[in-house]
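Q: Have a look at the structure that comes next, please.
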Amino acid sequence: MNLPTIAVTMGDAAGVGPEVVVRALVEPEVRGLARCVVVGDAARLARAAEICGVDVRFKTVGSPAEATGEAGVIDVLDLGIIPADLPFGELSEVAGEGAYRYVAKAAELAMAGEVQAICTAPLNKAALHAAGHRYPGHTELLAELCGVPEVSMMLSTGQVRVIHVTTHIGLVDAIERIDPGLVERTVRRGHRTMVDSGIAEPKIAVCGINPHAGENGLFGRGEEEEKIVPALEACRADGIDAQGPLPADTVFFRAGRGDFDLVVAMYHDQGHGPVKILGLEAGVNITVGLPVIRTSVDHGTAFDIAGTGRAEAGSMVEALRQGAALARRP
């Protein structure tokens, strides 16, 4: 079968990453979507399987090409970083270093063409920083590792998809950074991703920055006219159906009922808030603009339940499903 190969990074070993990875990869549906190889620690994954009561065997492979996707077996590129006695649910520099190295290896495989997608379990930013890797998150880390100057974060649920013009920066800095070029490039990346996913003519809603999208100059300092309108005019000239700037307080309701295929949010909380209200378990984080598609669960390391076997794998399954759907075929 001409299935894509997905590198699945284990995430922070002290969090729920190992548990959701194990639970997801034993699902028969996932085996039919892609050939998956976990970049992580085989011993930690085995411990997670024991905690979750999952009957599975782990096979260490030297490269993704050796992964078979055999039923009842999880293929692992074992980096052997995590000590056996690492506690769950506690911030750990060692776990932060491991999370970084899993992602770095996955990026290396992607750049070499050995995998067609990356799917990431959650890392902990504080642990990442404690290990000396000062990145805001997966998105920025992968962009640097892959040598890509600019990428976009997209969140997807069963009801709405949101792509962000800015993400992990302060609100004042975000407003300053937004300009017509960045807005246009974000809309175009979102449009291309929607087309690649099978939506031939996606309808895109573009949020304003100010309340009521500025209300014709009543709110703000003309940011919509200066920073957003020129970008939309350029996109529309190329046949992209990009509507806006629209008030963010109503646009997500409209997207949820089916008016739009994609919403363009101007800053982090404008897009994240509505998506997370719909349910963390259903959300998927997609990085758009890398050499390969990257998807991730839309939840954190959940230290409060890590190591208990209570973590749900629904978001990881959905991340793998969307990664397989958007990946280039080998």
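Chain labels follow the order of the structure tokens: the first chain is A, the next B, and so on; residue numbering restarts at 1 in every chain, and ligands are counted from 1 in their shown order.
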Pick out the residues sitting within 7 Å of segment 174-183 of chain A, and hand them over as a list of chain:residue names; count only C-alpha atoms, and ignore anything fewer than 4 positions along from it in its own chain.
A: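 In the requested form, the answer reads A:Val165, A:Thr166, A:Ile169, A:Gly170, A:Val187, A:Lys227, A:Ile228, A:Pro230, A:Ala231, A:Tyr267.
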Q: If we count only C-alpha atoms, what is near segment 137-139 of chain A at a cut-off of 10 Å, once residues fewer than 2 positions away on the same chain are taken out, given as an MDAnalysis selection string?
A: chainID A and resid 99:100 103 120:126 128:129 133:135 141:144 150:153 167:168 285:288 290 294 296
Q: Against segment 210-219 of chain A, which residues of segment 252-314 of chain A fall within 12 Å? For each one I want the closest pair of atoms and the distance in Å (one decimal), counting only C-alpha atoms, rows by chain and increasing residue number, as a tab-separated table.
A:
residue	atom	partner	partner_atom	distance
A:Ala265	CA	A:Asn210	CA	11.7
A:Met266	CA	A:Asn210	CA	9.9
A:Tyr267	CA	A:Asn210	CA	11.2
A:Gln270	CA	A:Asn210	CA	10.8
Q: When you draw a straight line from atom CA of Gln116 of chain A to atom CA of Tyr102 of chain A, how long is it in Å?
A: 16.1 Å
Q: Just the number, please: distance in Å from atom CA of His164 of chain A to atom CA of Val263 of chain A, one decimal.
A: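 Atom-to-atom, atom CA of His164 of chain A to atom CA of Val263 of chain A, that is 8.5 Å.
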Q: If you run DSSP on this backbone, which residues of segment 204-330 of chain A come out as strand (DSSP E), and could you give them as a PyMOL selection string?
A: chain A and resi 204-207+241-246+262-265+284-288+293-297
Q: Could those residues be written to a file, using N, CA, C and O atoms, as a short mmCIF file (atom, residue, chain, number, x, y, z; two decimals), in the first residue's frame?
A:
data_model
loop_
_atom_site.label_atom_id
_atom_site.label_comp_id
_atom_site.auth_asym_id
_atom_site.auth_seq_id
_atom_site.Cartn_x
_atom_site.Cartn_y
_atom_site.Cartn_z
N ILE A 204 -12.90 31.60 3.03
CA ILE A 204 -12.01 32.01 4.12
C ILE A 204 -12.53 33.29 4.76
O ILE A 204 -12.79 34.28 4.07
N ALA A 205 -12.68 33.27 6.08
CA ALA A 205 -13.07 34.45 6.84
C ALA A 205 -11.84 35.02 7.52
O ALA A 205 -11.08 34.29 8.15
N VAL A 206 -11.63 36.32 7.40
CA VAL A 206 -10.46 36.97 7.98
C VAL A 206 -10.91 37.91 9.08
O VAL A 206 -11.70 38.84 8.84
N CYS A 207 -10.43 37.65 10.30
CA CYS A 207 -10.82 38.47 11.45
C CYS A 207 -10.18 39.86 11.38
O CYS A 207 -9.09 40.03 10.83
N ASP A 241 -11.23 33.30 -2.23
CA ASP A 241 -12.44 33.82 -1.58
C ASP A 241 -12.12 34.12 -0.12
O ASP A 241 -12.33 33.30 0.78
N ALA A 242 -11.57 35.32 0.11
CA ALA A 242 -11.19 35.76 1.46
C ALA A 242 -12.06 36.94 1.85
O ALA A 242 -11.96 38.01 1.26
N GLN A 243 -12.94 36.73 2.83
CA GLN A 243 -13.89 37.75 3.23
C GLN A 243 -13.44 38.43 4.52
O GLN A 243 -12.96 37.78 5.44
N GLY A 244 -13.60 39.74 4.59
CA GLY A 244 -13.24 40.45 5.80
C GLY A 244 -12.74 41.86 5.51
O GLY A 244 -12.83 42.33 4.37
N PRO A 245 -12.20 42.49 6.54
CA PRO A 245 -12.06 42.01 7.93
C PRO A 245 -13.43 41.88 8.60
O PRO A 245 -14.29 42.75 8.44
N LEU A 246 -13.60 40.80 9.36
CA LEU A 246 -14.87 40.50 10.01
C LEU A 246 -14.71 40.53 11.53
O LEU A 246 -13.65 40.22 12.06
N LEU A 262 -12.40 28.11 6.66
CA LEU A 262 -11.20 28.49 7.40
C LEU A 262 -11.37 29.90 7.94
O LEU A 262 -11.92 30.77 7.25
N VAL A 263 -10.90 30.11 9.16
CA VAL A 263 -10.87 31.45 9.77
C VAL A 263 -9.41 31.86 9.94
O VAL A 263 -8.59 31.07 10.40
N VAL A 264 -9.10 33.09 9.57
CA VAL A 264 -7.77 33.64 9.78
C VAL A 264 -7.83 34.53 11.01
O VAL A 264 -8.52 35.55 11.02
N ALA A 265 -7.14 34.13 12.08
CA ALA A 265 -7.08 34.91 13.32
C ALA A 265 -5.82 35.76 13.32
O ALA A 265 -4.77 35.34 12.84
N VAL A 284 -6.68 19.64 16.70
CA VAL A 284 -5.41 19.26 16.10
C VAL A 284 -4.67 20.53 15.70
O VAL A 284 -5.25 21.46 15.14
N ASN A 285 -3.37 20.56 16.00
CA ASN A 285 -2.50 21.67 15.65
C ASN A 285 -1.73 21.28 14.39
O ASN A 285 -1.10 20.23 14.35
N ILE A 286 -1.78 22.13 13.37
CA ILE A 286 -1.11 21.85 12.10
C ILE A 286 -0.14 22.99 11.81
O ILE A 286 -0.51 24.16 11.89
N THR A 287 1.10 22.66 11.49
CA THR A 287 2.07 23.66 11.06
C THR A 287 2.09 23.68 9.55
O THR A 287 2.35 22.66 8.90
N VAL A 288 1.83 24.85 8.99
CA VAL A 288 1.71 25.03 7.54
C VAL A 288 2.93 25.81 7.03
O VAL A 288 3.26 26.85 7.58
N ILE A 293 4.14 18.13 6.09
CA ILE A 293 3.06 18.52 6.98
C ILE A 293 3.41 18.11 8.40
O ILE A 293 4.04 17.07 8.63
N ARG A 294 3.06 18.94 9.36
CA ARG A 294 3.24 18.59 10.77
C ARG A 294 1.93 18.79 11.50
O ARG A 294 1.30 19.85 11.40
N THR A 295 1.48 17.76 12.19
CA THR A 295 0.28 17.86 12.98
C THR A 295 0.60 17.51 14.43
O THR A 295 1.62 16.89 14.74
N SER A 296 -0.27 17.94 15.32
CA SER A 296 -0.05 17.67 16.74
C SER A 296 -1.37 17.69 17.48
O SER A 296 -2.35 18.28 17.03
N VAL A 297 -1.36 17.05 18.64
CA VAL A 297 -2.50 17.20 19.53
C VAL A 297 -2.61 18.66 19.93
O VAL A 297 -1.61 19.38 19.95
#
Q: Quick one: which segment 151-266 of chain A residues come within 10 Å of segment 303-323 of chain A, and what is the nearest atom pair for each with the distance in Å to one decimal, counting only C-alpha atoms, rows ordered by chain and ascending number, as JSON lines?
A:
{"residue": "A:Ser156", "atom": "CA", "partner": "A:Gln322", "partner_atom": "CA", "distance": 9.2}
{"residue": "A:Thr157", "atom": "CA", "partner": "A:Glu318", "partner_atom": "CA", "distance": 8.9}
{"residue": "A:Gly158", "atom": "CA", "partner": "A:Glu318", "partner_atom": "CA", "distance": 9.6}
{"residue": "A:Ser197", "atom": "CA", "partner": "A:Gln322", "partner_atom": "CA", "distance": 8.8}
Q: Save the residues we just selected, all heavy atoms, as a PDB file, in the first residue's frame?
A:
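This went into selection_32.pdb:
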ATOM      1  N   SER A 156      -7.371  22.824  14.036  1.00  0.00           N
ATOM      2  CA  SER A 156      -8.490  22.208  13.334  1.00  0.00           C
ATOM      3  C   SER A 156      -9.299  21.349  14.293  1.00  0.00           C
ATOM      4  O   SER A 156      -8.743  20.591  15.092  1.00  0.00           O
ATOM      5  CB  SER A 156      -7.964  21.350  12.175  1.00  0.00           C
ATOM      6  OG  SER A 156      -9.018  20.669  11.526  1.00  0.00           O
ATOM      7  N   THR A 157     -10.615  21.487  14.230  1.00  0.00           N
ATOM      8  CA  THR A 157     -11.526  20.597  14.936  1.00  0.00           C
ATOM      9  C   THR A 157     -12.537  20.088  13.916  1.00  0.00           C
ATOM     10  O   THR A 157     -12.477  20.426  12.735  1.00  0.00           O
ATOM     11  CB  THR A 157     -12.287  21.319  16.065  1.00  0.00           C
ATOM     12  OG1 THR A 157     -13.284  22.179  15.483  1.00  0.00           O
ATOM     13  CG2 THR A 157     -11.352  22.159  16.930  1.00  0.00           C
ATOM     14  N   GLY A 158     -13.468  19.308  14.378  1.00  0.00           N
ATOM     15  CA  GLY A 158     -14.502  18.842  13.470  1.00  0.00           C
ATOM     16  C   GLY A 158     -15.414  19.947  12.982  1.00  0.00           C
ATOM     17  O   GLY A 158     -16.113  19.786  11.981  1.00  0.00           O
ATOM     18  N   SER A 197      -6.254  19.580   0.998  1.00  0.00           N
ATOM     19  CA  SER A 197      -7.061  18.657   1.786  1.00  0.00           C
ATOM     20  C   SER A 197      -8.353  18.258   1.079  1.00  0.00           C
ATOM     21  O   SER A 197      -9.159  17.506   1.627  1.00  0.00           O
ATOM     22  CB  SER A 197      -7.397  19.274   3.151  1.00  0.00           C
ATOM     23  OG  SER A 197      -8.314  20.342   3.016  1.00  0.00           O
TER      24      SER A 197
END
Q: From the options A:Gly11, A:Pro274, A:Gly289, A:Pro18, which residue's atoms come nearest to Cys52 of chain A, counting only C-alpha atoms?
A: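 That would be A:Pro18, the residue with the smallest distance to Cys52 of chain A.
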Q: Could you pull the residues within 10 Å of Leu79 of chain A, counting only C-alpha atoms, minus those fewer than 2 positions along the same chain, as number ranges by chain?
A: A: 39-42, 60, 76-77, 81-82, 98, 101-102, 105
Q: Would you mind exporting C-alpha atoms of the selected residues as a short mmCIF file (atom, residue, chain, number, x, y, z; two decimals), in the first residue's frame?
A:
data_model
loop_
_atom_site.label_atom_id
_atom_site.label_comp_id
_atom_site.auth_asym_id
_atom_site.auth_seq_id
_atom_site.Cartn_x
_atom_site.Cartn_y
_atom_site.Cartn_z
CA VAL A 39 10.94 8.85 17.62
CA GLY A 40 11.39 8.48 21.37
CA ASP A 41 12.38 6.01 24.08
CA ALA A 42 11.22 2.42 23.79
CA THR A 60 13.43 -0.97 17.64
CA VAL A 76 10.44 2.86 17.55
CA LEU A 77 13.54 4.82 16.65
CA ILE A 81 17.56 9.35 26.64
CA ILE A 82 15.09 8.88 29.49
CA GLY A 98 14.57 14.40 25.17
CA ARG A 101 16.03 15.67 20.41
CA TYR A 102 12.96 13.72 19.27
CA LYS A 105 15.53 13.76 14.68
#
Q: Hey, can you check how far atom CA of Gly80 of chain A sits from atom CA of Ala43 of chain A?
A: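 According to the coordinates, atom CA of Gly80 of chain A and atom CA of Ala43 of chain A are separated by 8.0 Å.
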Q: Report as a list in words all protein, DNA and RNA residues lying within 12 Å of Lys276 of chain A, evaluated on only C-alpha atoms, omitting residues in the same chain fewer than 3 positions from it.
A: Leu155, Ser156, Thr157, Gly158, Gln159, Val160, Arg161, Val162, Phe252, His268, Asp269, Gln270, Gly271, His272, Gly273, Gly279, Leu280, Glu281, Ala282, Gly283, Val284, Asn285, Val297, Asp298, His299 and Gly300 of chain A
Q: Please, which residues of segment 132-310 of chain A, numbered as in this document, come out helix (DSSP H, G or I) from DSSP, as a PyMOL selection string?
A: chain A and resi 138-145+171-177+180-196+211-214+223-237+248-256+268-277+280-282
Q: Using only C-alpha atoms, pick whichever of A:Pro28, A:Ala13, A:Gly62, A:Val20 has the shortest atom-to-atom distance to Ala84 of chain A.
A: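 Among A:Pro28, A:Ala13, A:Gly62, A:Val20, it is A:Ala13 that comes nearest to Ala84 of chain A.
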Q: Pick the closest to Gly198 of chain A from A:Leu326, A:Met154, A:Ala255, A:Val172: which is it, counting only C-alpha atoms?
A: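 Looking at the shortest contact to Gly198 of chain A, the residue is A:Leu326.
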